Amino acid sequence: MNLIVAVTKNNAIGKNNKLLFHLPSDLKYFKSKTINNVIIMGKTTYLSLPKCPLPNRTTIVMSKDMLFNPPNTIVVRNLKELFKILNNYDDDSIYVCGGASIYNLLMDYCKVAYVTVVDEIISADTYIRDIEKSGFRLESSSDPFLENGHIFRFKTFVNNNPKKFQNIEI
Ligand SMILES: NC(=O)c1ccc[n+]([C@@H]2O[C@H](COP(=O)([O-])OP(=O)(O)OC[C@H]3O[C@@H](n4cnc5c(N)ncnc54)[C@H](OP(=O)(O)O)[C@@H]3O)[C@@H](O)[C@H]2O)c1
């Protein structure tokens, strides 16, 4: 599976249950990668979306809250349930979309990480594990973009030895 995230140089991804930046090109990039594919997110991220579920994607939300059952969404209560469902989909079509608890939970199972790196160090309340210290190596980087005063690049990282989630018992 894949991971897609926008992160600062110090691995910050969110504050007050919101994204740190409004970067229209990054939103387009996110859409181009995830459209018609499967996206996995935690309940907090799901509830932070302006429109849920996002259209034209299969949305899987992780939550232990048995009362949380939003329409047109697959809710899984734990990792075992998640992996069982993911066996129904092509590995390359699956995108881990946050937030921090879900990135940190699933990063080791991801083969490719699409990382929008914002060239800033920010004080936030939500951080992820460092991608490059987690078995990923940089494969490519775009030229820099400048939007709303922020410089960022689209980087692709590859993990040559992801953990297997297919058909495993937990
Ligand atoms: N920069 C980016 O690319 C990006 C992308 C996405 C999100 N974000 C940001 O990340 C922040 C949210 O991250 P977060 O870590 O606080 O929340 P989150 O990962 O979106 O959601 C956390 C919730 O997911 C559920 N969950 C987590 N692990 C689980 C497990 N093993 N089994 C079942 N359910 C599980 C729990 O829901 P229950 O409490 O209901 O059990 C938990 O409270 C926000 O600021 C958001 O804007 C940034």
# chains A, B, ... in the order shown; residues from 1 in each chain; ligands from 1
call {"tool": "closest_atom_pairs", "arguments": {"of": "chain A", "to": "ligand 1", "cutoff": "6 Å", "atoms": "only C-alpha atoms and all ligand atoms", "output": "tab-separated table"}}
result
residue	atom	partner	partner_atom_place_in_ligand_line	distance
A:Val5	CA	ligand 1	3 (O)	3.5
A:Ala6	CA	ligand 1	3 (O)	3.9
A:Val7	CA	ligand 1	1 (N)	5.4
A:Ile13	CA	ligand 1	1 (N)	3.9
A:Gly14	CA	ligand 1	45 (O)	3.5
A:Lys15	CA	ligand 1	45 (O)	4.7
A:Asn16	CA	ligand 1	45 (O)	5.7
A:Asn17	CA	ligand 1	45 (O)	3.4
A:Lys18	CA	ligand 1	47 (O)	3.5
A:Leu19	CA	ligand 1	47 (O)	4.0
A:Met41	CA	ligand 1	20 (O)	5.8
A:Gly42	CA	ligand 1	21 (O)	3.4
A:Lys43	CA	ligand 1	24 (O)	4.4
A:Thr44	CA	ligand 1	20 (O)	3.9
A:Thr45	CA	ligand 1	20 (O)	3.6
A:Met62	CA	ligand 1	34 (N)	4.1
A:Ser63	CA	ligand 1	34 (N)	3.4
A:Lys64	CA	ligand 1	41 (O)	3.6
A:Asp65	CA	ligand 1	40 (O)	4.4
A:Arg77	CA	ligand 1	33 (C)	4.4
A:Asn78	CA	ligand 1	32 (N)	3.7
A:Leu79	CA	ligand 1	31 (N)	5.5
A:Cys97	CA	ligand 1	6 (C)	5.4
A:Gly98	CA	ligand 1	6 (C)	3.8
A:Gly99	CA	ligand 1	13 (O)	3.4
A:Ala100	CA	ligand 1	15 (O)	3.6
A:Ser101	CA	ligand 1	15 (O)	3.9
A:Ile102	CA	ligand 1	19 (O)	4.6
A:Thr126	CA	ligand 1	11 (C)	5.8
call {"tool": "select_by_dssp", "arguments": {"residues": "region 105-153 of chain A", "states": "strand (DSSP E or B)", "output": "PyMOL selection string"}}
result
chain A and resi 112-118+126-127+136-141+145-147+150-153
call {"tool": "closest_residue", "arguments": {"among": "A:Val117, A:Ile4, A:Leu146, A:Ile74", "to": "Lys33 (chain A)", "atoms": "only C-alpha atoms"}}
result
A:Ile4
call {"tool": "atom_distance", "arguments": {"atom1": "CA of Thr156 (chain A)", "atom2": "CA of Ser141 (chain A)"}}
result
6.4 Å
call {"tool": "residues_around", "arguments": {"residues": "Asn11 (chain A)", "least_positions_apart": "5", "cutoff": "9 Å", "atoms": "only C-alpha atoms", "output": "ChimeraX atom specification"}}
result
/A:6,117,121-122,126-131
call {"tool": "write_last_selection", "arguments": {"atoms": "C-alpha atoms", "output": "PDB file, in the first residue's frame"}}
result
ATOM      1  CA  ALA A   6       2.019  16.785   3.613  1.00  0.00           C
ATOM      2  CA  VAL A 117       7.574  18.429   2.055  1.00  0.00           C
ATOM      3  CA  ILE A 121      10.010  24.129  10.747  1.00  0.00           C
ATOM      4  CA  ILE A 122       6.712  24.596  12.556  1.00  0.00           C
ATOM      5  CA  THR A 126       0.524  16.475  15.532  1.00  0.00           C
ATOM      6  CA  TYR A 127       3.684  14.867  14.152  1.00  0.00           C
ATOM      7  CA  ILE A 128       4.555  11.671  12.279  1.00  0.00           C
ATOM      8  CA  ARG A 129       7.576   9.405  12.455  1.00  0.00           C
ATOM      9  CA  ASP A 130      10.434  10.524  10.249  1.00  0.00           C
ATOM     10  CA  ILE A 131       9.971   8.827   6.859  1.00  0.00           C
TER      11      ILE A 131
END
call {"tool": "atom_distance", "arguments": {"atom1": "CA of Asn10 (chain A)", "atom2": "CA of Leu106 (chain A)"}}
result
19.7 Å
call {"tool": "decode", "arguments": {"residues": "region 2-126 of chain A", "atoms": "C-alpha atoms", "output": "CSV table (one decimal), in the first residue's frame"}}
result
chain,number,residue,atom,x,y,z
A,2,ASN,CA,0.9,3.7,-0.3
A,3,LEU,CA,1.1,6.6,2.1
A,4,ILE,CA,0.3,10.2,1.2
A,5,VAL,CA,1.1,13.1,3.5
A,6,ALA,CA,2.0,16.8,3.6
A,7,VAL,CA,4.7,17.3,6.2
A,8,THR,CA,7.1,20.0,7.4
A,9,LYS,CA,10.9,19.5,7.7
A,10,ASN,CA,10.3,18.7,11.4
A,11,ASN,CA,7.6,16.1,10.6
A,12,ALA,CA,4.6,18.2,11.7
A,13,ILE,CA,1.3,17.4,10.0
A,14,GLY,CA,-1.5,19.2,11.9
A,15,LYS,CA,-2.7,21.6,14.5
A,16,ASN,CA,-6.1,21.9,16.2
A,17,ASN,CA,-7.4,19.0,14.1
A,18,LYS,CA,-6.6,21.0,10.9
A,19,LEU,CA,-4.0,20.8,8.2
A,20,LEU,CA,-1.1,23.3,8.7
A,21,PHE,CA,-1.3,24.9,5.2
A,22,HIS,CA,-3.7,25.6,2.4
A,23,LEU,CA,-1.8,24.4,-0.7
A,24,PRO,CA,-4.2,24.1,-3.7
A,25,SER,CA,-1.6,22.2,-5.8
A,26,ASP,CA,-1.2,19.7,-3.0
A,27,LEU,CA,-4.9,19.2,-2.8
A,28,LYS,CA,-4.9,18.5,-6.5
A,29,TYR,CA,-2.0,16.1,-6.2
A,30,PHE,CA,-3.8,14.3,-3.3
A,31,LYS,CA,-6.9,14.0,-5.5
A,32,SER,CA,-4.9,12.8,-8.6
A,33,LYS,CA,-3.4,10.0,-6.5
A,34,THR,CA,-6.4,8.9,-4.5
A,35,ILE,CA,-9.3,9.2,-7.0
A,36,ASN,CA,-11.0,5.9,-7.7
A,37,ASN,CA,-8.8,4.3,-5.1
A,38,VAL,CA,-9.0,3.2,-1.5
A,39,ILE,CA,-8.2,5.7,1.3
A,40,ILE,CA,-7.7,4.8,4.9
A,41,MET,CA,-8.0,7.4,7.7
A,42,GLY,CA,-8.6,7.8,11.4
A,43,LYS,CA,-11.8,9.1,12.8
A,44,THR,CA,-10.4,12.5,13.7
A,45,THR,CA,-9.2,13.1,10.1
A,46,TYR,CA,-12.5,11.9,8.7
A,47,LEU,CA,-14.4,14.3,10.9
A,48,SER,CA,-12.1,17.2,9.9
A,49,LEU,CA,-12.9,16.8,6.2
A,50,PRO,CA,-15.2,19.5,4.7
A,51,LYS,CA,-17.0,16.8,2.7
A,52,CYS,CA,-17.2,13.3,3.9
A,53,PRO,CA,-16.7,10.8,2.5
A,54,LEU,CA,-14.5,12.2,-0.3
A,55,PRO,CA,-16.3,11.5,-3.6
A,56,ASN,CA,-15.2,8.7,-5.9
A,57,ARG,CA,-13.0,6.9,-3.4
A,58,THR,CA,-13.6,3.9,-1.2
A,59,THR,CA,-13.2,5.3,2.3
A,60,ILE,CA,-12.1,3.1,5.2
A,61,VAL,CA,-12.1,4.8,8.6
A,62,MET,CA,-10.5,3.4,11.7
A,63,SER,CA,-12.5,3.9,15.0
A,64,LYS,CA,-13.1,1.8,18.1
A,65,ASP,CA,-16.3,3.8,18.6
A,66,MET,CA,-19.2,1.3,17.9
A,67,LEU,CA,-21.6,4.2,17.6
A,68,PHE,CA,-19.6,5.7,14.7
A,69,ASN,CA,-21.2,4.4,11.5
A,70,PRO,CA,-21.2,7.1,8.9
A,71,PRO,CA,-22.9,6.4,5.5
A,72,ASN,CA,-20.9,5.2,2.4
A,73,THR,CA,-17.9,4.5,4.5
A,74,ILE,CA,-16.3,1.3,5.7
A,75,VAL,CA,-15.5,1.5,9.4
A,76,VAL,CA,-13.0,-0.9,10.9
A,77,ARG,CA,-12.4,-1.3,14.7
A,78,ASN,CA,-8.9,-2.6,14.7
A,79,LEU,CA,-5.9,-3.6,12.6
A,80,LYS,CA,-7.1,-7.1,12.1
A,81,GLU,CA,-10.4,-5.9,10.7
A,82,LEU,CA,-8.5,-3.5,8.5
A,83,PHE,CA,-6.2,-6.1,7.0
A,84,LYS,CA,-9.1,-8.4,6.3
A,85,ILE,CA,-10.8,-5.8,4.3
A,86,LEU,CA,-7.7,-4.7,2.5
A,87,ASN,CA,-7.3,-8.2,1.1
A,88,ASN,CA,-10.2,-7.4,-1.2
A,89,TYR,CA,-8.2,-4.6,-2.9
A,90,ASP,CA,-5.2,-4.3,-5.1
A,91,ASP,CA,-2.2,-3.3,-2.9
A,92,ASP,CA,-1.2,-0.4,-5.3
A,93,SER,CA,-4.7,1.1,-5.0
A,94,ILE,CA,-4.6,1.6,-1.2
A,95,TYR,CA,-3.5,5.0,0.3
A,96,VAL,CA,-3.0,5.7,3.9
A,97,CYS,CA,-4.2,9.3,4.4
A,98,GLY,CA,-3.7,10.1,8.1
A,99,GLY,CA,-3.7,11.4,10.7
A,100,ALA,CA,-0.7,10.8,12.8
A,101,SER,CA,-2.0,7.8,14.6
A,102,ILE,CA,-2.8,6.0,11.4
A,103,TYR,CA,0.4,7.0,9.6
A,104,ASN,CA,2.4,5.8,12.5
A,105,LEU,CA,0.4,2.5,12.7
A,106,LEU,CA,0.6,1.7,9.0
A,107,MET,CA,3.9,3.3,7.7
A,108,ASP,CA,5.8,0.1,8.0
A,109,TYR,CA,3.3,-1.7,5.7
A,110,CYS,CA,3.7,0.9,2.9
A,111,LYS,CA,5.8,0.5,-0.2
A,112,VAL,CA,5.6,4.0,-1.5
A,113,ALA,CA,5.3,7.3,0.4
A,114,TYR,CA,4.1,10.4,-1.5
A,115,VAL,CA,5.3,13.2,0.7
A,116,THR,CA,4.7,16.9,0.1
A,117,VAL,CA,7.6,18.4,2.1
A,118,VAL,CA,7.0,22.0,3.1
A,119,ASP,CA,10.3,23.8,3.6
A,120,GLU,CA,9.6,25.0,7.1
A,121,ILE,CA,10.0,24.1,10.7
A,122,ILE,CA,6.7,24.6,12.6
A,123,SER,CA,5.4,24.2,16.1
A,124,ALA,CA,2.3,22.0,15.8
A,125,ASP,CA,0.4,19.5,17.9
A,126,THR,CA,0.5,16.5,15.5
